[in-house]
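Structure file model-v3.txt; described as compact mmCIF, C-alpha atoms and all ligand atoms.
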# COMPACT_ATOMS: atom_id res chain seq x y z
CA MET A 1035 8.40 -20.82 17.72
CA THR A 1036 10.79 -23.45 16.35
CA ILE A 1037 12.90 -22.15 13.51
CA SER A 1038 14.42 -24.91 11.42
CA LYS A 1039 17.38 -24.33 9.16
CA SER A 1040 15.16 -24.63 6.12
CA THR A 1041 12.74 -21.95 7.31
CA ARG A 1042 12.70 -19.02 4.89
CA HIS A 1043 12.55 -15.48 6.20
CA LEU A 1044 10.53 -13.13 4.00
CA LEU A 1045 9.91 -9.44 4.19
CA GLY A 1046 7.55 -7.74 1.76
CA ILE A 1047 8.41 -4.24 0.62
CA SER A 1048 5.16 -2.46 -0.20
CA GLY A 1049 6.72 0.85 -1.17
CA GLY A 1050 5.39 2.31 2.09
CA LYS A 1051 7.43 3.78 4.93
CA ASP A 1052 6.85 1.04 7.53
CA SER A 1053 8.03 -1.94 5.47
CA ALA A 1054 11.01 0.12 4.26
CA ALA A 1055 11.99 0.94 7.84
CA LEU A 1056 11.47 -2.69 8.87
CA ALA A 1057 13.74 -3.92 6.07
CA ILE A 1058 16.47 -1.56 7.28
CA TYR A 1059 15.86 -2.55 10.90
CA MET A 1060 16.10 -6.28 10.13
CA ARG A 1061 18.91 -6.17 7.56
CA ASP A 1062 21.72 -7.10 9.94
CA LYS A 1063 19.55 -9.11 12.33
CA ILE A 1064 18.59 -11.73 9.73
CA PRO A 1065 21.17 -11.75 6.92
CA GLU A 1066 19.33 -14.52 5.06
CA MET A 1067 16.19 -12.40 4.76
CA GLU A 1068 14.52 -12.52 1.34
CA TYR A 1069 12.86 -9.33 0.18
CA PHE A 1070 10.01 -9.12 -2.29
CA PHE A 1071 7.73 -6.55 -3.85
CA ALA A 1072 4.39 -7.58 -5.37
CA ASP A 1073 4.09 -5.31 -8.41
CA THR A 1074 0.52 -4.90 -9.61
CA GLY A 1075 1.64 -3.24 -12.83
CA ALA A 1076 -0.29 -0.16 -11.69
CA GLU A 1077 2.15 1.20 -9.13
CA LEU A 1078 3.05 4.86 -8.85
CA PRO A 1079 6.36 5.83 -10.48
CA GLU A 1080 7.49 7.16 -7.07
CA THR A 1081 6.88 3.73 -5.52
CA LEU A 1082 8.94 1.94 -8.17
CA GLN A 1083 11.77 4.46 -7.72
CA PHE A 1084 11.69 3.98 -3.96
CA VAL A 1085 11.86 0.18 -4.32
CA ASP A 1086 14.92 0.60 -6.58
CA LEU A 1087 16.52 2.85 -3.96
CA MET A 1088 15.73 0.33 -1.23
CA GLU A 1089 17.36 -2.42 -3.24
CA ASP A 1090 20.56 -0.37 -3.55
CA TYR A 1091 20.49 0.42 0.14
CA LEU A 1092 19.90 -3.18 1.23
CA GLY A 1093 22.53 -4.46 -1.19
CA LYS A 1094 20.30 -7.39 -1.97
CA GLU A 1095 17.75 -8.20 -4.63
CA ILE A 1096 14.14 -7.29 -3.94
CA VAL A 1097 12.37 -9.98 -5.92
CA ARG A 1098 9.63 -8.43 -8.05
CA LEU A 1099 6.56 -10.64 -7.94
CA ASN A 1100 3.86 -10.30 -10.51
CA ALA A 1101 0.68 -12.15 -11.18
CA GLY A 1102 1.68 -13.03 -14.74
CA ARG A 1103 -1.49 -11.23 -15.83
CA ASP A 1104 -2.16 -7.55 -15.48
CA PHE A 1105 -4.97 -5.54 -13.90
CA ASP A 1106 -6.89 -5.37 -17.19
CA TYR A 1107 -7.00 -9.16 -17.41
CA TYR A 1108 -8.49 -9.50 -13.94
CA LEU A 1109 -10.81 -6.58 -14.58
CA LYS A 1110 -12.34 -8.45 -17.52
CA LEU A 1111 -12.44 -11.67 -15.47
CA ASN A 1112 -14.46 -9.78 -12.84
CA GLY A 1113 -17.04 -8.54 -15.31
CA ASN A 1114 -15.30 -5.16 -15.69
CA PHE A 1115 -16.38 -4.23 -12.19
CA LEU A 1116 -13.84 -2.00 -10.52
CA PRO A 1117 -12.50 -3.41 -7.26
CA THR A 1118 -13.95 -1.98 -4.06
CA ALA A 1119 -13.14 -2.29 -0.36
CA LYS A 1120 -15.83 -4.99 -0.11
CA PHE A 1121 -14.87 -6.80 -3.33
CA ARG A 1122 -11.12 -6.51 -3.36
CA TRP A 1123 -10.23 -8.94 -6.11
CA CYS A 1124 -7.19 -6.80 -6.93
CA THR A 1125 -5.38 -7.55 -3.66
CA THR A 1126 -6.15 -11.24 -3.91
CA ASN A 1127 -5.03 -11.67 -7.51
CA LEU A 1128 -2.26 -9.09 -7.84
CA LYS A 1129 -0.68 -9.19 -4.38
CA LEU A 1130 -1.68 -12.16 -2.25
CA LYS A 1131 -1.60 -14.99 -4.79
CA PRO A 1132 1.82 -14.01 -6.22
CA PHE A 1133 3.09 -13.93 -2.62
CA GLU A 1134 1.67 -17.38 -1.88
CA ASN A 1135 3.18 -18.75 -5.09
CA PHE A 1136 6.53 -17.30 -4.08
CA VAL A 1137 6.25 -19.04 -0.70
CA GLY A 1138 5.12 -22.36 -2.13
CA ASP A 1139 5.08 -25.07 0.54
CA ASP A 1140 8.23 -23.94 2.31
CA PRO A 1141 8.02 -23.15 5.99
CA VAL A 1142 8.17 -19.38 6.09
CA ILE A 1143 8.35 -16.60 8.63
CA SER A 1144 6.88 -13.46 7.16
CA TYR A 1145 7.91 -10.23 8.87
CA ALA A 1146 5.10 -7.68 9.06
CA ALA A 1147 5.61 -3.96 9.56
CA ILE A 1148 2.86 -3.31 12.11
CA ARG A 1149 4.12 -0.81 14.67
CA ALA A 1150 3.78 -0.84 18.45
CA ASP A 1151 1.49 2.20 18.25
CA GLU A 1152 -0.90 0.17 16.11
CA GLY A 1153 -1.45 -2.40 18.82
CA TYR A 1154 -4.97 -3.19 17.74
CA ARG A 1155 -3.89 -4.29 14.28
CA ASN A 1156 -2.58 -7.61 13.09
CA GLY A 1157 -2.98 -7.11 9.37
CA TYR A 1158 -3.93 -9.82 6.94
CA ILE A 1159 -1.19 -11.67 5.16
CA SER A 1160 -2.16 -15.24 4.31
CA THR A 1161 -4.01 -18.15 5.81
CA LYS A 1162 -1.54 -20.73 4.47
CA PRO A 1163 -0.53 -22.97 7.40
CA ASN A 1164 3.18 -22.93 6.46
CA ILE A 1165 3.36 -19.14 6.91
CA SER A 1166 3.96 -17.72 10.39
CA VAL A 1167 4.04 -14.02 11.01
CA ARG A 1168 6.32 -11.98 13.24
CA TYR A 1169 5.95 -8.34 14.19
CA PRO A 1170 9.41 -7.00 15.12
CA PHE A 1171 8.25 -3.40 15.61
CA LYS A 1172 5.52 -4.53 17.98
CA GLU A 1173 7.86 -6.96 19.76
CA ASP A 1174 10.48 -4.23 20.25
CA GLY A 1175 8.08 -1.35 20.93
CA LEU A 1176 8.88 0.77 17.85
CA SER A 1177 6.40 3.48 16.87
CA ILE A 1178 5.86 5.98 14.06
CA GLU A 1179 8.64 8.27 15.33
CA ASP A 1180 11.10 5.36 15.27
CA VAL A 1181 10.08 4.55 11.70
CA LYS A 1182 10.75 8.14 10.65
CA ASN A 1183 14.10 8.15 12.46
CA ILE A 1184 15.18 4.89 10.81
CA LEU A 1185 14.38 6.28 7.37
CA ASP A 1186 16.04 9.64 8.11
CA GLU A 1187 19.19 8.06 9.50
CA SER A 1188 19.46 5.73 6.50
CA GLY A 1189 19.45 8.75 4.19
CA LEU A 1190 16.50 7.31 2.26
CA GLY A 1191 13.89 9.51 3.92
CA MET A 1192 10.19 9.10 3.25
CA PRO A 1193 8.97 7.89 -0.16
CA LYS A 1194 8.29 10.92 -2.39
CA TYR A 1195 4.59 10.27 -2.87
CA TYR A 1196 4.03 11.21 0.79
CA GLU A 1197 4.24 14.81 -0.47
CA TRP A 1198 0.73 14.35 -1.86
CA ARG A 1199 -0.58 10.91 -0.91
CA SER A 1200 -0.80 9.04 2.38
CA ARG A 1201 0.13 5.56 1.17
CA SER A 1202 1.57 3.42 -1.57
CA GLY A 1203 -0.49 1.11 -3.76
CA CYS A 1204 -2.02 1.30 -7.21
CA TYR A 1205 -2.49 4.73 -8.78
CA PHE A 1206 -6.25 4.10 -8.95
CA CYS A 1207 -6.57 2.65 -5.46
CA PHE A 1208 -10.12 3.13 -4.23
CA TYR A 1209 -8.81 3.79 -0.72
CA GLN A 1210 -7.52 7.17 -1.90
CA ARG A 1211 -8.94 10.24 -0.29
CA LYS A 1212 -10.60 12.71 -2.62
CA ASN A 1213 -7.74 15.14 -2.10
CA GLU A 1214 -5.36 12.42 -3.22
CA TRP A 1215 -7.29 11.94 -6.46
CA VAL A 1216 -6.82 15.67 -6.99
CA GLY A 1217 -3.11 15.13 -6.26
CA LEU A 1218 -2.99 12.32 -8.83
CA SER A 1219 -4.58 14.60 -11.44
CA GLU A 1220 -1.87 17.19 -10.81
CA ARG A 1221 1.19 14.93 -10.39
CA HIS A 1222 0.30 12.21 -12.89
CA PRO A 1223 -2.43 13.48 -15.22
CA GLU A 1224 -1.95 10.54 -17.59
CA LEU A 1225 -2.63 8.05 -14.77
CA PHE A 1226 -5.63 10.05 -13.60
CA GLU A 1227 -6.95 9.93 -17.16
CA LYS A 1228 -6.52 6.14 -17.29
CA ALA A 1229 -8.49 5.79 -14.05
CA ARG A 1230 -11.12 8.16 -15.44
CA GLN A 1231 -11.48 6.09 -18.60
CA LEU A 1232 -12.07 2.94 -16.52
CA GLU A 1233 -14.84 4.78 -14.71
CA LEU A 1234 -16.32 6.14 -17.94
CA TYR A 1235 -16.77 2.57 -19.17
CA HIS A 1236 -19.44 2.15 -16.48
CA LYS A 1237 -21.02 5.52 -17.12
CA ASN A 1238 -21.37 4.71 -20.82
CA LEU A 1239 -23.21 1.52 -19.87
CA GLY A 1240 -25.59 3.53 -17.72
CA ARG A 1241 -24.08 2.25 -14.46
CA THR A 1242 -23.23 4.41 -11.45
CA HIS A 1243 -20.09 2.56 -10.42
CA THR A 1244 -17.32 5.02 -9.47
CA TRP A 1245 -13.90 4.71 -7.79
CA THR A 1246 -14.96 6.73 -4.77
CA GLU A 1247 -18.31 6.59 -3.08
CA SER A 1248 -20.89 9.11 -4.24
CA GLU A 1249 -18.71 11.04 -6.69
CA SER A 1250 -17.17 10.41 -10.08
CA LEU A 1251 -13.64 11.51 -10.94
CA ASP A 1252 -15.07 14.22 -13.20
CA GLU A 1253 -17.11 15.54 -10.28
CA ILE A 1254 -14.06 15.46 -8.02
CA LEU A 1255 -12.07 17.40 -10.60
CA ALA A 1256 -14.86 19.95 -11.00
CA ARG A 1257 -14.69 20.86 -7.32
CA LYS A 1258 -10.99 20.33 -6.75
CA ASP A 1259 -10.42 23.78 -5.15
CA GLU A 1260 -13.11 23.03 -2.59
CA ILE A 1261 -11.64 19.57 -1.88
CA LYS A 1262 -8.15 21.04 -1.42
CA ALA A 1263 -9.46 23.72 0.93
CA GLU A 1264 -11.30 21.08 3.00
CA ALA A 1265 -8.14 18.96 3.21
CA ASP A 1266 -6.07 21.97 4.36
CA LEU A 1267 -8.66 22.78 6.98
CA ALA A 1268 -8.70 19.19 8.28
CA LYS A 1269 -4.89 19.11 8.42
CA ASN A 1270 -4.72 22.29 10.48
CA LYS A 1271 -7.64 21.47 12.75
CA PRO A 1272 -6.50 21.06 16.38
CA GLN A 1273 -7.11 17.57 17.77
CA LYS A 1274 -9.41 17.10 20.72
CA PRO A 1275 -7.38 15.76 23.68
CA LYS A 1276 -9.34 12.51 23.88
CA ASN A 1277 -8.45 11.76 20.27
CA LEU A 1278 -4.81 12.68 20.56
CA MET A 1279 -3.41 9.17 21.00
CA ALA A 1280 -5.51 7.78 18.18
CA SER A 1281 -4.41 10.68 16.04
CA LEU A 1282 -0.73 10.09 16.77
CA ALA A 1283 -1.09 6.40 16.05
CA ASN A 1284 -2.76 7.12 12.76
CA GLU A 1285 -0.71 10.08 11.63
CA GLU A 1286 -0.35 9.97 7.85
CA ASP A 1287 -1.51 6.45 8.18
CA ASP A 1288 -5.05 5.17 8.15
CA ASP A 1289 -4.18 2.01 6.29
CA ASP A 1290 -6.74 -0.70 6.08
CA ASP A 1291 -6.02 -3.94 7.93
CA GLY A 1292 -6.69 -6.01 4.87
CA CYS A 1293 -4.15 -4.16 2.81
CA LEU A 1294 -1.01 -4.79 4.79
CA ILE A 1295 0.57 -6.20 1.66
CA CYS A 1296 -0.38 -3.11 -0.39
CA PHE A 1297 0.39 -0.21 1.89
CA LYS A 1298 2.64 -0.76 4.89
S1 LIG A 1301 -3.35 -0.86 -3.72
FE1 LIG A 1301 -5.58 -0.68 -3.71
S2 LIG A 1301 -6.21 -1.09 -5.84
FE2 LIG A 1301 -4.09 -1.86 -5.61
S3 LIG A 1301 -4.27 -4.02 -5.06
FE3 LIG A 1301 -4.16 -2.88 -3.12
S4 LIG A 1301 -6.33 -2.43 -2.56
FE4 LIG A 1301 -6.27 -3.04 -4.73
As structure tokens, what does this structure read like?
Amino acid sequence: MTISKSTRHLLGISGGKDSAALAIYMRDKIPEMEYFFADTGAELPETLQFVDLMEDYLGKEIVRLNAGRDFDYYLKLNGNFLPTAKFRWCTTNLKLKPFENFVGDDPVISYAAIRADEGYRNGYISTKPNISVRYPFKEDGLSIEDVKNILDESGLGMPKYYEWRSRSGCYFCFYQRKNEWVGLSERHPELFEKARQLELYHKNLGRTHTWTESESLDEILARKDEIKAEADLAKNKPQKPKNLMASLANEEDDDDDGCLICFK
């Protein structure tokens, strides 16, 4: 790859552990690195605090990108249909487009936080021809344990939401596990209520559209003890040997390929 002097080097902070560790790892390797965070306006308070901490640690601005319009605007534009894994207008409008606007037509190398133990993943960043992607963790063979060590040694540690949620992203993200919705109801009841109200809009119109498949947030709340017990059981369940490597690679981390920009 030819790197001209005018090539910009960009690293997106998602609020997740991998991009945080990558920013620390690359800080002294590429001093001209530009950091950014695409803020959907629906981020968890813990994520915003972690991005502030990262900024202090890096000693450099993390440029906050926003779409100029909030989630509610795009919700209306999409017929009030909540985003889903198949119809992910949220990522496109609130994360990807602000990133592409930030890049403009400049030649850019975007550094992606895919680890060596996620060898099958490339993530999705952008199809713009002026954006090339590099994977320093993959290139240098760094895995989940290295990520944890980098964060520990920096003193930053893991983002606080890992106490109850497996990834960053919007408080209402439809990729949340049911146990994480329960966690949201306990840690941020006001945010849970906002997500519930968005769902109720559909119910009041006689639709069955819900954030998670097959269950509404009210139904999740009604059986929260059962959901918590199931999650505890799954956490303590011994792994079958043949699944051990996959389990290690995906520990605390079953991010979706398409959501590199949201979760890594
Ligand atoms: S975090 Fe989830 S809800 Fe938010 S933009 Fe990404 S996929 Fe959409």
What residues of the protein or nucleic acid chains come within 7 Å of ligand LIG 1301 (chain A) when you use only C-alpha atoms and all ligand atoms? Reply as a PDB file with C-alpha atoms, keeping the file's coordinate frame.
ATOM      1  CA  THR A1074       0.520  -4.900  -9.610  1.00  0.00           C
ATOM      2  CA  PRO A1117     -12.500  -3.410  -7.260  1.00  0.00           C
ATOM      3  CA  ARG A1122     -11.120  -6.510  -3.360  1.00  0.00           C
ATOM      4  CA  CYS A1124      -7.190  -6.800  -6.930  1.00  0.00           C
ATOM      5  CA  THR A1125      -5.380  -7.550  -3.660  1.00  0.00           C
ATOM      6  CA  LEU A1128      -2.260  -9.090  -7.840  1.00  0.00           C
ATOM      7  CA  LYS A1129      -0.680  -9.190  -4.380  1.00  0.00           C
ATOM      8  CA  SER A1202       1.570   3.420  -1.570  1.00  0.00           C
ATOM      9  CA  GLY A1203      -0.490   1.110  -3.760  1.00  0.00           C
ATOM     10  CA  CYS A1204      -2.020   1.300  -7.210  1.00  0.00           C
ATOM     11  CA  PHE A1206      -6.250   4.100  -8.950  1.00  0.00           C
ATOM     12  CA  CYS A1207      -6.570   2.650  -5.460  1.00  0.00           C
ATOM     13  CA  PHE A1208     -10.120   3.130  -4.230  1.00  0.00           C
ATOM     14  CA  TYR A1209      -8.810   3.790  -0.720  1.00  0.00           C
ATOM     15  CA  CYS A1293      -4.150  -4.160   2.810  1.00  0.00           C
ATOM     16  CA  CYS A1296      -0.380  -3.110  -0.390  1.00  0.00           C
ATOM     17  CA  PHE A1297       0.390  -0.210   1.890  1.00  0.00           C
TER      18      PHE A1297
END
Record the distance separating atom CA of A:Arg1199 and atom CA of A:Lys1298, expressed in Å with one decimal. 13.4 Å
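We find atom CA of A:Glu1187 and atom CA of A:Gly1049 to be spaced 17.9 Å apart.
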Give me the residues near stretch 1168-1182 of chain A as an MDAnalysis selection string, where near means some atom within 7 Å (using all atoms listed in the file) and where sequence neighbours in that chain fewer than 3 positions away do not count. chainID A and resid 1052 1055 1143:1151 1185:1186
Which residues are near A:Asp1259? Cut-off 12 Å, only C-alpha atoms, ignore same chain within fewer than 4 positions. Put them as a list in words. Lys1212, Asn1213, Val1216, Gly1217, Glu1253, Ile1254, Leu1255, Ala1263, Glu1264, Ala1265 and Asp1266 of chain A
Hey, can you check how far atom CA of A:Ile1058 sits from atom CA of A:Ile1184? 7.5 Å
Taking only C-alpha atoms into account, which of A:Thr1126, A:Asn1100, A:Ser1166, A:Asn1112 comes nearest A:Thr1041? A:Ser1166
For stretch 1236-1240 of chain A, work out the shell of residues within 9 Å, counting only C-alpha atoms and skipping chain neighbours fewer than 4 positions away, then give it as a ChimeraX atom specification. /A:1114-1115,1232,1244
Quick one: residues within 6 Å of A:Asp1073, all atoms listed in the file, excluding same-chain residues fewer than 2 positions away - as a VMD selection string? chain A and resid 1071 1075 1099 to 1100
Near-A:Gln1231 list (12 Å; all atoms listed in the file; drop same-chain fewer than 2 positions) as a PDB file with C-alpha atoms, keeping the file's coordinate frame:
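Final output, saved to part.pdb:
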ATOM      1  CA  LEU A1116     -13.840  -2.000 -10.520  1.00  0.00           C
ATOM      2  CA  PHE A1206      -6.250   4.100  -8.950  1.00  0.00           C
ATOM      3  CA  GLU A1224      -1.950  10.540 -17.590  1.00  0.00           C
ATOM      4  CA  LEU A1225      -2.630   8.050 -14.770  1.00  0.00           C
ATOM      5  CA  PHE A1226      -5.630  10.050 -13.600  1.00  0.00           C
ATOM      6  CA  GLU A1227      -6.950   9.930 -17.160  1.00  0.00           C
ATOM      7  CA  LYS A1228      -6.520   6.140 -17.290  1.00  0.00           C
ATOM      8  CA  ALA A1229      -8.490   5.790 -14.050  1.00  0.00           C
ATOM      9  CA  GLU A1233     -14.840   4.780 -14.710  1.00  0.00           C
ATOM     10  CA  LEU A1234     -16.320   6.140 -17.940  1.00  0.00           C
ATOM     11  CA  TYR A1235     -16.770   2.570 -19.170  1.00  0.00           C
ATOM     12  CA  HIS A1236     -19.440   2.150 -16.480  1.00  0.00           C
ATOM     13  CA  LYS A1237     -21.020   5.520 -17.120  1.00  0.00           C
ATOM     14  CA  ASN A1238     -21.370   4.710 -20.820  1.00  0.00           C
ATOM     15  CA  THR A1244     -17.320   5.020  -9.470  1.00  0.00           C
ATOM     16  CA  TRP A1245     -13.900   4.710  -7.790  1.00  0.00           C
ATOM     17  CA  SER A1250     -17.170  10.410 -10.080  1.00  0.00           C
ATOM     18  CA  LEU A1251     -13.640  11.510 -10.940  1.00  0.00           C
ATOM     19  CA  ASP A1252     -15.070  14.220 -13.200  1.00  0.00           C
TER      20      ASP A1252
END
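Nearest residue to A:Lys1094, choosing from A:Lys1110, A:Arg1061, A:Lys1120, A:His1043 and counting only C-alpha atoms: A:Arg1061.
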Got a minute to add N, CA, C and O atoms to stretch 1059-1079 of chain A and dump it as a compact mmCIF listing (two decimals), keeping the file's coordinate frame?
# COMPACT_ATOMS: atom_id res chain seq x y z
N TYR A 1059 15.72 -2.11 9.51
CA TYR A 1059 15.86 -2.55 10.90
C TYR A 1059 16.31 -4.02 10.99
O TYR A 1059 17.08 -4.40 11.87
N MET A 1060 15.83 -4.84 10.06
CA MET A 1060 16.10 -6.28 10.13
C MET A 1060 17.33 -6.71 9.33
O MET A 1060 17.74 -7.86 9.40
N ARG A 1061 17.87 -5.78 8.52
CA ARG A 1061 18.91 -6.17 7.56
C ARG A 1061 20.05 -6.94 8.21
O ARG A 1061 20.47 -7.99 7.74
N ASP A 1062 20.57 -6.42 9.32
CA ASP A 1062 21.72 -7.10 9.94
C ASP A 1062 21.29 -8.16 10.95
O ASP A 1062 22.10 -8.99 11.35
N LYS A 1063 20.03 -8.12 11.34
CA LYS A 1063 19.55 -9.11 12.33
C LYS A 1063 19.34 -10.47 11.67
O LYS A 1063 19.57 -11.51 12.27
N ILE A 1064 18.84 -10.46 10.43
CA ILE A 1064 18.59 -11.73 9.73
C ILE A 1064 19.21 -11.61 8.33
O ILE A 1064 18.53 -11.24 7.35
N PRO A 1065 20.49 -11.94 8.21
CA PRO A 1065 21.17 -11.75 6.92
C PRO A 1065 20.56 -12.57 5.79
O PRO A 1065 20.67 -12.20 4.63
N GLU A 1066 19.91 -13.69 6.12
CA GLU A 1066 19.33 -14.52 5.06
C GLU A 1066 17.93 -14.05 4.63
O GLU A 1066 17.25 -14.73 3.86
N MET A 1067 17.53 -12.91 5.10
CA MET A 1067 16.19 -12.40 4.76
C MET A 1067 16.03 -12.29 3.24
O MET A 1067 16.93 -11.83 2.55
N GLU A 1068 14.86 -12.71 2.76
CA GLU A 1068 14.52 -12.52 1.34
C GLU A 1068 13.50 -11.40 1.25
O GLU A 1068 12.52 -11.39 1.99
N TYR A 1069 13.76 -10.47 0.35
CA TYR A 1069 12.86 -9.33 0.18
C TYR A 1069 12.06 -9.50 -1.11
O TYR A 1069 12.58 -9.99 -2.11
N PHE A 1070 10.82 -9.05 -1.06
CA PHE A 1070 10.01 -9.12 -2.29
C PHE A 1070 9.10 -7.91 -2.38
O PHE A 1070 8.81 -7.25 -1.38
N PHE A 1071 8.67 -7.64 -3.58
CA PHE A 1071 7.73 -6.55 -3.85
C PHE A 1071 6.71 -7.06 -4.85
O PHE A 1071 7.07 -7.50 -5.96
N ALA A 1072 5.45 -7.10 -4.46
CA ALA A 1072 4.39 -7.58 -5.37
C ALA A 1072 3.94 -6.40 -6.24
O ALA A 1072 3.24 -5.50 -5.77
N ASP A 1073 4.35 -6.42 -7.48
CA ASP A 1073 4.09 -5.31 -8.41
C ASP A 1073 2.79 -5.57 -9.16
O ASP A 1073 2.67 -6.54 -9.90
N THR A 1074 1.82 -4.70 -8.96
CA THR A 1074 0.52 -4.90 -9.61
C THR A 1074 0.54 -4.46 -11.07
O THR A 1074 -0.42 -4.68 -11.80
N GLY A 1075 1.61 -3.80 -11.47
CA GLY A 1075 1.64 -3.24 -12.83
C GLY A 1075 0.92 -1.90 -12.88
O GLY A 1075 0.82 -1.29 -13.94
N ALA A 1076 0.41 -1.46 -11.73
CA ALA A 1076 -0.29 -0.16 -11.69
C ALA A 1076 0.27 0.68 -10.53
O ALA A 1076 -0.45 1.47 -9.93
N GLU A 1077 1.52 0.48 -10.25
CA GLU A 1077 2.15 1.20 -9.13
C GLU A 1077 2.48 2.63 -9.55
O GLU A 1077 2.67 2.91 -10.74
N LEU A 1078 2.61 3.50 -8.56
CA LEU A 1078 3.05 4.86 -8.85
C LEU A 1078 4.52 4.86 -9.24
O LEU A 1078 5.31 4.08 -8.67
N PRO A 1079 4.93 5.75 -10.15
CA PRO A 1079 6.36 5.83 -10.48
C PRO A 1079 7.22 6.07 -9.24
O PRO A 1079 8.31 5.51 -9.11
